[in-house]
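What follows is input26.txt (compact mmCIF, C-alpha atoms).
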# COMPACT_ATOMS: atom_id res chain seq x y z
CA MET A 994 3.87 0.75 -20.14
CA GLU A 995 6.79 1.18 -22.47
CA SER A 996 8.61 -1.62 -24.20
CA GLY A 997 12.24 -1.44 -25.28
CA ASN A 998 13.72 -2.99 -28.38
CA ALA A 999 16.30 -5.05 -26.52
CA GLN A 1000 15.67 -8.76 -26.60
CA THR A 1001 17.32 -11.55 -24.67
CA ALA A 1002 17.73 -14.91 -26.36
CA GLY A 1003 16.98 -17.99 -24.30
CA ARG A 1004 14.68 -16.27 -21.83
CA VAL A 1005 10.93 -16.67 -21.68
CA CYS A 1006 8.19 -14.50 -20.25
CA VAL A 1007 7.64 -15.17 -16.54
CA PHE A 1008 3.90 -14.75 -17.00
CA CYS A 1009 3.07 -16.74 -20.14
CA GLY A 1010 6.26 -18.55 -21.16
CA GLY A 1011 6.37 -16.71 -24.48
CA SER A 1012 9.45 -15.33 -26.20
CA PRO A 1013 11.34 -13.24 -26.94
CA VAL A 1014 11.36 -11.08 -23.86
CA THR A 1015 11.79 -7.31 -24.04
CA SER A 1016 13.13 -4.60 -21.77
CA GLU A 1017 10.39 -3.32 -19.46
CA HIS A 1018 10.33 -0.81 -16.62
CA ALA A 1019 10.14 -2.43 -13.22
CA TRP A 1020 8.35 0.58 -11.69
CA PRO A 1021 5.43 1.70 -13.90
CA GLN A 1022 6.21 4.97 -15.64
CA TRP A 1023 2.92 6.66 -14.85
CA ILE A 1024 3.89 6.89 -11.17
CA ALA A 1025 6.42 9.61 -12.07
CA LYS A 1026 3.54 12.01 -12.73
CA TYR A 1027 2.56 11.95 -9.07
CA VAL A 1028 5.83 11.79 -7.12
CA ALA A 1029 9.27 13.37 -7.02
CA GLU A 1030 11.94 11.29 -8.73
CA ASP A 1031 13.79 10.21 -5.63
CA ARG A 1032 15.92 7.12 -5.66
CA ALA A 1033 14.39 3.73 -4.89
CA THR A 1034 16.03 1.06 -2.77
CA LEU A 1035 15.64 -2.71 -2.95
CA TYR A 1036 15.83 -4.67 0.28
CA ARG A 1037 15.90 -8.31 1.26
CA VAL A 1038 14.25 -9.34 4.50
CA VAL A 1039 16.35 -12.03 6.19
CA GLU A 1040 15.97 -14.22 9.24
CA ARG A 1041 19.08 -15.43 11.03
CA PRO A 1042 18.95 -18.34 13.53
CA GLY A 1043 18.55 -17.04 17.04
CA GLU A 1044 18.19 -13.41 15.94
CA GLU A 1045 15.39 -11.03 15.06
CA PRO A 1046 14.61 -10.55 11.35
CA ASP A 1047 16.44 -7.69 9.66
CA VAL A 1048 16.70 -6.03 6.26
CA GLU A 1049 19.67 -5.93 3.90
CA THR A 1050 20.15 -3.53 1.02
CA LEU A 1051 20.45 -5.18 -2.40
CA GLY A 1052 22.55 -3.42 -5.00
CA GLY A 1053 22.26 0.11 -3.58
CA ASP A 1054 19.87 2.82 -4.71
CA ARG A 1055 18.65 3.37 -8.24
CA TYR A 1056 16.22 5.66 -10.03
CA PRO A 1057 12.91 3.81 -10.12
CA PHE A 1058 11.67 5.12 -13.45
CA THR A 1059 14.76 4.15 -15.43
CA THR A 1060 15.20 0.69 -13.92
CA THR A 1061 14.30 -2.03 -16.42
CA VAL A 1062 14.07 -5.80 -16.35
CA ARG A 1063 13.91 -8.42 -19.12
CA CYS A 1064 11.36 -10.93 -17.98
CA VAL A 1065 8.15 -10.29 -19.97
CA CYS A 1066 7.17 -10.61 -23.61
CA GLU A 1067 5.74 -7.84 -25.75
CA ALA A 1068 2.32 -9.51 -25.93
CA CYS A 1069 1.94 -9.41 -22.14
CA ASN A 1070 3.54 -5.99 -21.83
CA THR A 1071 1.30 -4.28 -24.38
CA GLY A 1072 -1.76 -6.42 -23.61
CA TRP A 1073 -3.13 -7.30 -20.19
CA MET A 1074 -0.33 -5.50 -18.31
CA HIS A 1075 -1.07 -2.24 -20.12
CA GLU A 1076 -4.78 -2.65 -19.41
CA LEU A 1077 -4.07 -3.26 -15.72
CA GLU A 1078 -1.91 -0.11 -15.48
CA SER A 1079 -4.58 1.99 -17.22
CA THR A 1080 -7.22 0.71 -14.82
CA ALA A 1081 -5.10 1.05 -11.69
CA GLU A 1082 -3.68 4.55 -12.28
CA PRO A 1083 -6.82 6.60 -11.50
CA GLN A 1084 -7.53 4.44 -8.45
CA LEU A 1085 -4.02 4.56 -6.96
CA ALA A 1086 -2.80 8.04 -7.97
CA PRO A 1087 -4.64 9.95 -5.19
CA LEU A 1088 -3.23 7.58 -2.56
CA ILE A 1089 0.28 7.80 -4.00
CA GLU A 1090 0.00 11.59 -3.79
CA GLY A 1091 -1.06 11.26 -0.16
CA ARG A 1092 -4.58 12.62 -0.45
CA THR A 1093 -6.49 11.66 2.66
CA THR A 1094 -9.97 12.72 1.50
CA ASN A 1095 -11.96 12.31 -1.68
CA ARG A 1096 -13.40 15.15 -3.75
CA ASN A 1097 -16.27 15.44 -1.27
CA GLY A 1098 -13.90 15.93 1.64
CA ASN A 1099 -14.59 12.50 3.14
CA PRO A 1100 -12.15 9.65 3.89
CA TRP A 1101 -11.79 7.16 1.06
CA ARG A 1102 -13.93 4.02 1.23
CA TRP A 1103 -12.89 1.38 -1.27
CA ARG A 1104 -15.44 -1.22 -2.27
CA GLU A 1105 -14.57 -4.69 -3.54
CA TRP A 1106 -13.77 -3.78 -7.15
CA ARG A 1107 -11.17 -1.13 -6.26
CA GLN A 1108 -9.65 -3.43 -3.66
CA SER A 1109 -9.29 -6.18 -6.25
CA VAL A 1110 -7.68 -3.85 -8.81
CA ALA A 1111 -5.19 -2.53 -6.25
CA ALA A 1112 -4.24 -6.00 -4.96
CA THR A 1113 -3.78 -7.30 -8.50
CA TRP A 1114 -1.59 -4.31 -9.41
CA ALA A 1115 0.51 -4.72 -6.26
CA THR A 1116 1.06 -8.41 -7.01
CA LYS A 1117 2.10 -7.75 -10.61
CA THR A 1118 4.45 -4.97 -9.48
CA ALA A 1119 6.03 -7.16 -6.80
CA ILE A 1120 6.74 -9.86 -9.41
CA MET A 1121 8.41 -7.29 -11.66
CA LEU A 1122 10.47 -5.76 -8.85
CA GLU A 1123 11.71 -9.19 -7.78
CA HIS A 1124 13.32 -9.56 -11.20
CA VAL A 1125 15.52 -6.50 -10.67
CA GLN A 1126 17.61 -8.85 -8.51
CA PRO A 1127 16.35 -12.26 -9.77
CA GLU A 1128 18.86 -14.25 -7.73
CA HIS A 1129 17.03 -13.09 -4.59
CA ARG A 1130 13.47 -13.80 -5.68
CA ALA A 1131 11.15 -15.00 -2.90
CA MET A 1132 7.98 -15.86 -4.84
CA PRO A 1133 7.74 -19.48 -6.04
CA ASP A 1134 8.68 -20.02 -9.69
CA GLN A 1135 5.19 -21.13 -10.69
CA PHE A 1136 3.49 -18.17 -9.05
CA ALA A 1137 3.70 -15.70 -11.96
CA ARG A 1138 2.23 -18.23 -14.43
CA LEU A 1139 -0.72 -18.94 -12.11
CA PHE A 1140 -1.22 -15.22 -11.55
CA ARG A 1141 -1.40 -14.61 -15.31
CA TYR A 1142 -3.73 -17.57 -15.87
CA TYR A 1143 -6.32 -16.47 -13.30
CA MET A 1144 -5.63 -12.72 -13.69
CA ARG A 1145 -5.79 -12.23 -9.94
CA PRO A 1146 -3.65 -12.99 -6.88
CA PRO A 1147 -4.01 -16.46 -5.38
CA ASN A 1148 -6.51 -17.19 -2.63
CA GLN A 1149 -3.62 -17.88 -0.24
CA GLN A 1150 -2.35 -14.30 -0.53
CA GLN A 1151 -3.20 -11.33 1.70
CA VAL A 1152 -2.69 -7.67 0.83
CA TRP A 1153 -3.03 -4.51 2.94
CA ILE A 1154 -2.45 -0.80 2.27
CA ALA A 1155 -0.88 1.80 4.58
CA HIS A 1156 -0.40 5.57 4.53
CA TYR A 1157 3.30 6.47 4.51
CA THR A 1158 4.67 9.79 5.83
CA GLY A 1159 8.38 8.94 5.94
CA THR A 1160 11.39 10.20 4.04
CA GLN A 1161 11.90 7.44 1.46
CA PRO A 1162 9.01 7.48 -1.01
CA HIS A 1163 10.06 4.45 -3.05
CA GLY A 1164 11.23 1.09 -1.80
CA PHE A 1165 10.73 -2.64 -2.21
CA TYR A 1166 11.26 -5.11 0.63
CA HIS A 1167 10.86 -8.84 0.10
CA GLY A 1168 11.92 -12.19 1.44
CA PRO A 1169 11.00 -15.89 1.63
CA LEU A 1170 9.08 -17.49 4.47
CA ALA A 1171 9.41 -21.00 5.87
CA LEU A 1172 5.95 -22.23 6.87
CA PHE A 1173 5.76 -25.27 9.12
CA ASP A 1174 2.18 -25.49 10.39
CA ARG A 1175 -1.07 -26.77 8.90
CA ARG A 1176 0.67 -29.18 6.54
CA LYS A 1177 -1.39 -31.73 4.70
CA PRO A 1178 -0.30 -35.22 3.55
CA GLY A 1179 1.97 -35.00 0.56
CA GLU A 1180 3.03 -31.40 1.17
CA PRO A 1181 6.69 -30.57 1.84
CA GLU A 1182 7.89 -30.37 5.43
CA VAL A 1183 8.89 -26.77 4.83
CA ALA A 1184 6.38 -25.00 2.61
CA THR A 1185 7.46 -21.92 0.69
CA GLY A 1186 5.92 -18.57 1.48
CA TYR A 1187 6.81 -15.00 0.61
CA ALA A 1188 6.47 -11.51 2.00
CA ALA A 1189 6.83 -8.14 0.30
CA THR A 1190 6.35 -4.45 1.00
CA ILE A 1191 6.07 -1.89 -1.79
CA ALA A 1192 6.40 1.79 -0.86
CA VAL A 1193 5.43 4.18 -3.65
CA GLY A 1194 4.90 7.81 -2.76
CA HIS A 1195 2.59 7.88 0.26
CA LEU A 1196 1.11 4.45 -0.47
CA VAL A 1197 2.44 1.21 0.98
CA PHE A 1198 1.35 -2.32 0.07
CA ARG A 1199 2.00 -5.18 2.49
CA ILE A 1200 1.84 -8.65 0.88
CA PHE A 1201 1.90 -12.06 2.54
CA GLY A 1202 1.34 -15.29 0.66
CA HIS A 1203 2.16 -18.92 -0.01
CA THR A 1204 0.97 -21.83 -2.13
CA VAL A 1205 -0.40 -24.06 0.64
CA ARG A 1206 -4.14 -24.71 0.53
CA ASP A 1207 -5.73 -23.72 3.86
CA GLY A 1208 -2.30 -22.63 5.03
CA PRO A 1209 -1.43 -20.01 7.66
CA VAL A 1210 -2.63 -16.42 7.57
CA SER A 1211 -0.93 -13.28 8.77
CA VAL A 1212 -2.80 -11.50 11.57
CA PRO A 1213 -1.49 -7.97 12.22
CA GLU A 1214 -1.55 -6.86 15.84
CA GLY A 1215 -1.18 -3.64 17.82
CA ASP A 1216 0.04 -0.56 15.96
CA VAL A 1217 0.70 -2.65 12.84
CA ALA A 1218 -2.99 -3.56 12.68
CA SER A 1219 -4.00 0.09 13.20
CA SER A 1220 -1.76 1.19 10.32
CA LEU A 1221 -3.17 -1.27 7.76
CA SER A 1222 -6.38 -1.58 5.75
CA GLN A 1223 -7.00 -5.01 4.23
CA ILE A 1224 -7.81 -5.20 0.52
CA GLN A 1225 -7.26 -8.93 -0.09
CA PRO A 1226 -9.25 -10.95 0.66
CA VAL A 1227 -11.65 -8.15 -0.13
CA VAL A 1228 -13.68 -6.61 2.68
CA PRO A 1229 -16.99 -4.71 2.48
CA SER A 1230 -15.16 -1.37 2.73
CA ALA A 1231 -11.43 -0.62 2.97
CA GLU A 1232 -10.59 2.63 4.76
CA TRP A 1233 -8.03 5.18 3.53
CA PRO A 1234 -6.09 6.43 5.28
CA PRO A 1235 -5.95 3.82 8.07
CA SER A 1236 -6.32 5.12 11.62
CA LEU A 1237 -2.53 5.24 12.10
CA SER A 1238 -0.05 6.52 9.49
CA VAL A 1239 3.48 5.10 9.33
CA ASP A 1240 6.83 6.88 9.30
CA ASP A 1241 10.18 5.26 8.48
CA ASP A 1242 10.22 3.30 11.75
CA GLY A 1243 6.64 2.21 11.18
CA LEU A 1244 7.45 1.00 7.68
CA HIS A 1245 10.34 -1.02 9.09
CA THR A 1246 8.02 -2.57 11.69
CA ILE A 1247 5.41 -3.48 9.05
CA THR A 1248 8.07 -5.09 6.90
CA LEU A 1249 9.55 -7.24 9.62
CA SER A 1250 6.16 -8.24 11.02
CA MET A 1251 5.44 -10.08 7.77
CA GLN A 1252 8.04 -12.69 8.61
CA ILE A 1253 6.01 -14.18 11.46
CA PRO A 1254 2.57 -15.42 10.39

Kindly transcribe the structure held in the file into structure tokens.
Amino acid sequence: MESGNAQTAGRVCVFCGGSPVTSEHAWPQWIAKYVAEDRATLYRVVERPGEEPDVETLGGDRYPFTTTVRCVCEACNTGWMHELESTAEPQLAPLIEGRTTNRNGNPWRWREWRQSVAATWATKTAIMLEHVQPEHRAMPDQFARLFRYYMRPPNQQQVWIAHYTGTQPHGFYHGPLALFDRRKPGEPEVATGYAATIAVGHLVFRIFGHTVRDGPVSVPEGDVASSLSQIQPVVPSAEWPPSLSVDDDGLHTITLSMQIP
């Protein structure tokens, strides 16, 4: 990761609370080695009363590898975040490039360690991308601090991967969720959840989470289930590519399906 010299007074790091914060790329720079530099689009997933969920574009398109945010400190940026990127790059690069077999010509089979690295990277990246348009963040405020403390996504979060064959190689879709079931005494009547989709090259991450202990889970069905491989909670072996690849319509379906746990 690269760190700029710009500093913003009064802001603190979303991960550790330290200051000052520096300018940091929202999309990791190493991705540019494996994909064409097409524009990236940010979307907000919205639910309107009495209507199906839909997506709205936030702020138009932008080049992913020049888009920066000011929400992390230099210690985090050059420390654990740099280590995570260095670990994740060799694991994710073949999938971003769209390779469907390993060097032996067989489908990829990810064991628990690679699943954990990928899910952690996706969570960190989603937090960063949310700060491109911070007024539309969906993840709870305390989430980034807890993520940094435990150095892994929360137990209440689920992550899947999908193989993308559409025309827009970079995109970020996210939105809040209102969770009403499985409440426990003392919990709010409407618990906060979040959903996000990250498309990078030929790799898509689908994220669903909340902060409610023993809260609801997302259960993909039909073609959505066939297009996803779960990596969090980890499974004995995650398959790449999944049995069904997704085009632009399929990516849209995956994104909107996250809104209904």

Please provide the set of residues having any atom within 12 Å of Val1007 (chain A), restricted to all atoms listed in the file, with same-chain residues fewer than 5 positions apart removed, written as a short mmCIF file (atom, residue, chain, number, x, y, z; two decimals) with C-alpha atoms, in the coordinates of the input.
data_model
loop_
_atom_site.label_atom_id
_atom_site.label_comp_id
_atom_site.auth_asym_id
_atom_site.auth_seq_id
_atom_site.Cartn_x
_atom_site.Cartn_y
_atom_site.Cartn_z
CA SER A 1012 9.45 -15.33 -26.20
CA PRO A 1013 11.34 -13.24 -26.94
CA VAL A 1014 11.36 -11.08 -23.86
CA THR A 1015 11.79 -7.31 -24.04
CA VAL A 1062 14.07 -5.80 -16.35
CA ARG A 1063 13.91 -8.42 -19.12
CA CYS A 1064 11.36 -10.93 -17.98
CA VAL A 1065 8.15 -10.29 -19.97
CA CYS A 1066 7.17 -10.61 -23.61
CA GLU A 1067 5.74 -7.84 -25.75
CA CYS A 1069 1.94 -9.41 -22.14
CA ASN A 1070 3.54 -5.99 -21.83
CA LYS A 1117 2.10 -7.75 -10.61
CA ILE A 1120 6.74 -9.86 -9.41
CA MET A 1121 8.41 -7.29 -11.66
CA GLU A 1123 11.71 -9.19 -7.78
CA HIS A 1124 13.32 -9.56 -11.20
CA PRO A 1127 16.35 -12.26 -9.77
CA MET A 1132 7.98 -15.86 -4.84
CA PRO A 1133 7.74 -19.48 -6.04
CA ASP A 1134 8.68 -20.02 -9.69
CA GLN A 1135 5.19 -21.13 -10.69
CA PHE A 1136 3.49 -18.17 -9.05
CA ALA A 1137 3.70 -15.70 -11.96
CA ARG A 1138 2.23 -18.23 -14.43
CA LEU A 1139 -0.72 -18.94 -12.11
CA PHE A 1140 -1.22 -15.22 -11.55
CA ARG A 1141 -1.40 -14.61 -15.31
CA TYR A 1142 -3.73 -17.57 -15.87
#

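Atom to atom, CA of Asp1241 (chain A) and CA of Pro1146 (chain A) stand 27.6 Å apart.
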
Residues near Thr1246 (chain A), anyone? I mean within 10 Å using all atoms listed in the file, not counting same-chain ones fewer than 5 positions away, as a ChimeraX atom specification.
/A:1216-1217,1239-1241,1251

Name the residues in contact with His1129 (chain A) at a cut-off of 10 Å, using all atoms listed in the file, excluding same-chain residues fewer than 4 positions from it; report them as a ChimeraX atom specification.
/A:1036-1037,1051,1123-1125,1167-1169

Prev. selection, C-alpha atoms, output as a PDB file, in the frame of the given file:
ATOM      1  CA  TYR A1036      15.830  -4.670   0.280  1.00  0.00           C
ATOM      2  CA  ARG A1037      15.900  -8.310   1.260  1.00  0.00           C
ATOM      3  CA  LEU A1051      20.450  -5.180  -2.400  1.00  0.00           C
ATOM      4  CA  GLU A1123      11.710  -9.190  -7.780  1.00  0.00           C
ATOM      5  CA  HIS A1124      13.320  -9.560 -11.200  1.00  0.00           C
ATOM      6  CA  VAL A1125      15.520  -6.500 -10.670  1.00  0.00           C
ATOM      7  CA  HIS A1167      10.860  -8.840   0.100  1.00  0.00           C
ATOM      8  CA  GLY A1168      11.920 -12.190   1.440  1.00  0.00           C
ATOM      9  CA  PRO A1169      11.000 -15.890   1.630  1.00  0.00           C
TER      10      PRO A1169
END

May I have the residues at most 7 Å from (15.8, 5.3, -1.5) in the file's coordinates, counting only C-alpha atoms, as an NGL selection string?
:A and (1031-1034 or 1054 or 1161 or 1163-1164)

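Atom pair CA of Ile1191 (chain A) / CA of Trp1101 (chain A) has a distance of 20.2 Å (rounded to one decimal).
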
Need the shell around Val1110 (chain A): protein/DNA/RNA residues with any atom at most 10 Å away, counting only C-alpha atoms. Skip same-chain ones fewer than 6 positions apart. Format as a short mmCIF file (atom, residue, chain, number, x, y, z; two decimals) with C-alpha atoms, in the coordinates of the input?
data_model
loop_
_atom_site.label_atom_id
_atom_site.label_comp_id
_atom_site.auth_asym_id
_atom_site.auth_seq_id
_atom_site.Cartn_x
_atom_site.Cartn_y
_atom_site.Cartn_z
CA LEU A 1077 -4.07 -3.26 -15.72
CA GLU A 1078 -1.91 -0.11 -15.48
CA THR A 1080 -7.22 0.71 -14.82
CA ALA A 1081 -5.10 1.05 -11.69
CA GLU A 1082 -3.68 4.55 -12.28
CA GLN A 1084 -7.53 4.44 -8.45
CA LEU A 1085 -4.02 4.56 -6.96
CA ARG A 1145 -5.79 -12.23 -9.94
CA ILE A 1224 -7.81 -5.20 0.52
#
